[in-house]
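The file model_10.cif comes next; it holds mmCIF, C-alpha atoms.
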data_model
#
loop_
_atom_site.label_atom_id
_atom_site.label_comp_id
_atom_site.auth_asym_id
_atom_site.auth_seq_id
_atom_site.Cartn_x
_atom_site.Cartn_y
_atom_site.Cartn_z
CA MET P 1 124.03 235.71 280.14
CA ARG P 2 122.58 235.51 276.68
CA LEU P 3 124.98 234.99 273.84
CA SER P 4 124.03 234.86 270.20
CA ARG P 5 124.55 231.73 268.16
CA GLU P 6 127.40 233.49 266.37
CA LYS P 7 129.16 234.37 269.63
CA ILE P 8 128.82 230.83 270.93
CA ASN P 9 130.24 229.47 267.68
CA HIS P 10 133.10 231.98 267.83
CA LEU P 11 133.90 230.97 271.41
CA SER P 12 133.81 227.29 270.47
CA LYS P 13 136.33 227.93 267.67
CA LEU P 14 138.64 229.81 270.05
CA ILE P 15 138.44 227.03 272.63
CA LEU P 16 139.05 224.37 269.98
CA ARG P 17 142.05 226.30 268.64
CA GLY P 18 143.46 226.42 272.17
CA PHE P 19 142.98 222.68 272.52
CA LEU P 20 144.58 221.95 269.15
CA GLU P 21 147.61 224.12 269.94
CA ASP P 22 148.22 222.26 273.21
CA ASP P 23 150.67 219.42 272.51
CA ARG P 24 149.64 217.71 275.74
CA LEU P 25 146.17 216.92 274.34
CA GLU P 26 145.34 214.13 271.95
CA PHE P 27 142.01 213.76 270.17
CA PHE P 28 140.33 210.67 268.79
CA CYS P 29 137.46 212.37 267.00
CA ASP P 30 136.80 214.79 264.19
CA GLU P 31 137.60 218.44 264.98
CA ASN P 32 134.11 219.56 264.02
CA ASP P 33 132.53 216.95 266.29
CA LEU P 34 134.67 218.27 269.13
CA ARG P 35 133.68 221.86 268.31
CA LEU P 36 129.99 220.88 268.29
CA GLU P 37 130.39 219.27 271.71
CA ILE P 38 132.00 222.48 272.97
CA VAL P 39 128.97 224.40 271.62
CA ASN P 40 126.61 222.04 273.48
CA ILE P 41 128.55 222.45 276.72
CA LEU P 42 128.58 226.24 276.39
CA ARG P 43 124.83 226.33 275.75
CA THR P 44 124.09 224.06 278.70
CA GLU P 45 126.27 226.09 281.03
CA LEU P 46 124.70 229.37 279.89
CA GLU P 47 121.21 227.93 280.43
CA ILE P 48 122.17 226.88 283.96
CA GLU P 49 123.56 230.36 284.66
CA GLU P 50 120.37 231.99 283.37
CA ASP P 51 118.26 229.68 285.50
CA ILE P 52 120.31 230.43 288.62
CA ASP P 53 120.12 234.18 287.92
CA SER P 54 116.36 234.01 287.43
CA SER P 55 115.86 232.03 290.64
CA VAL P 56 117.98 234.44 292.65
CA ARG P 57 116.14 237.47 291.28
CA LYS P 58 112.78 235.90 292.16
CA MET P 59 114.06 235.12 295.62
CA ILE P 60 115.08 238.74 296.20
CA GLU P 61 111.77 240.00 294.76
CA SER P 62 109.91 237.81 297.25
CA TYR P 63 111.34 239.73 300.21
CA SER P 64 108.72 241.80 302.00
CA LYS P 65 111.09 244.76 301.93
CA ASP P 66 111.48 246.51 298.57
CA ILE P 67 115.13 246.03 297.68
CA ARG P 68 116.16 247.87 294.54
CA GLU P 69 118.61 246.40 292.08
CA GLY P 70 121.88 248.31 292.02
CA THR P 71 121.92 249.06 295.73
CA ASP P 72 124.59 247.64 298.01
CA GLU P 73 121.95 245.61 299.85
CA TRP P 74 120.69 244.07 296.59
CA ASP P 75 124.23 243.24 295.46
CA ILE P 76 125.05 241.56 298.76
CA LEU P 77 121.85 239.50 298.72
CA TYR P 78 122.30 238.62 295.05
CA HIS P 79 125.84 237.31 295.57
CA LYS P 80 124.85 235.44 298.73
CA HIS P 81 121.90 233.69 297.10
CA TYR P 82 123.77 233.20 293.80
CA ASN P 83 126.58 231.37 295.60
CA GLU P 84 124.06 229.25 297.52
CA GLU P 85 122.16 228.32 294.34
CA THR P 86 125.39 227.57 292.49
CA LYS P 87 126.59 225.35 295.29
CA LYS P 88 123.22 223.57 295.44
CA ARG P 89 123.02 222.98 291.68
CA ARG P 90 126.66 222.36 290.85
CA GLY P 91 128.15 221.30 294.12
CA ILE P 92 130.67 224.17 294.06
CA SER P 93 130.94 227.57 295.67
CA LEU P 94 132.26 230.76 294.18
#

Conversion result in structure tokens:
Amino acid sequence: MRLSREKINHLSKLILRGFLEDDRLEFFCDENDLRLEIVNILRTELEIEEDIDSSVRKMIESYSKDIREGTDEWDILYHKHYNEETKKRRGISL
């Protein structure tokens, strides 16, 4: 999923605010440094998601049968391959 720079920055501020409001957390760095690290993590995760999505779409396109996006068959295959790719790349399943 593509998010604009502004949306990523907005999300990072919301996440940081949530962290700062949690009395169970203690920070040993500048708030802006923490926010910038959150931005980096969000960008990395979004890039991984885009890469997984792209790989899955190519995989489905490679089928000899023409499977159209939006059909039940496409959705089932997409979720199956998406979960497999996610597990392979992140070591988790959804």

Min atom-atom distance to Ile8 in chain P from the set P:Thr71, P:Ile41, P:Asn32, P:Asp23, counting only C-alpha atoms, belongs to P:Ile41

Would you write out, as a ChimeraX atom specification, every residue that the PyMOL selection byres ((chain P and resi 49) around 12) captures in this file? /P:1-3,42-48,50-56,82-83,85-86,89-90

Under the PyMOL selection byres ((chain P and resi 13) around 12), which residues of this model are included? Write them out as a PyMOL selection string. chain P and resi 6-12+14-20+31-39+42

Practice prompt. Could you jot down the CA of Arg57 in chain P to CA of Glu84 in chain P separation for me, Å, one decimal place?
Written response: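 Interatomic distance here is 13.0 Å.
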
Given only C-alpha atoms as the counted atoms, nearest of P:Cys29, P:Ile92, P:Tyr78, P:Glu21 to Lys58 in chain P
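Between P:Cys29, P:Ile92, P:Tyr78, P:Glu21, the residue approaching Lys58 in chain P most closely is P:Tyr78.
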
**OP:** Tell me, in Å to one decimal, how far CA of Tyr63 in chain P is from CA of Leu77 in chain P.
**Re:**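 Straight-line distance from CA of Tyr63 in chain P to CA of Leu77 in chain P works out to 10.6 Å.
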
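Taking CA of His79 in chain P and CA of Ser64 in chain P as the two end points, the separation is 18.8 Å.
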
| message | Let me make sure I understand: among P:Asp30, P:Asp22, P:Ile60, P:Ser4, which one has the smallest atom-to-atom distance to Ile76 in chain P if we use only C-alpha atoms? | response |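 Looking only at the distances to Ile76 in chain P, the closest residue turns out to be P:Ile60.
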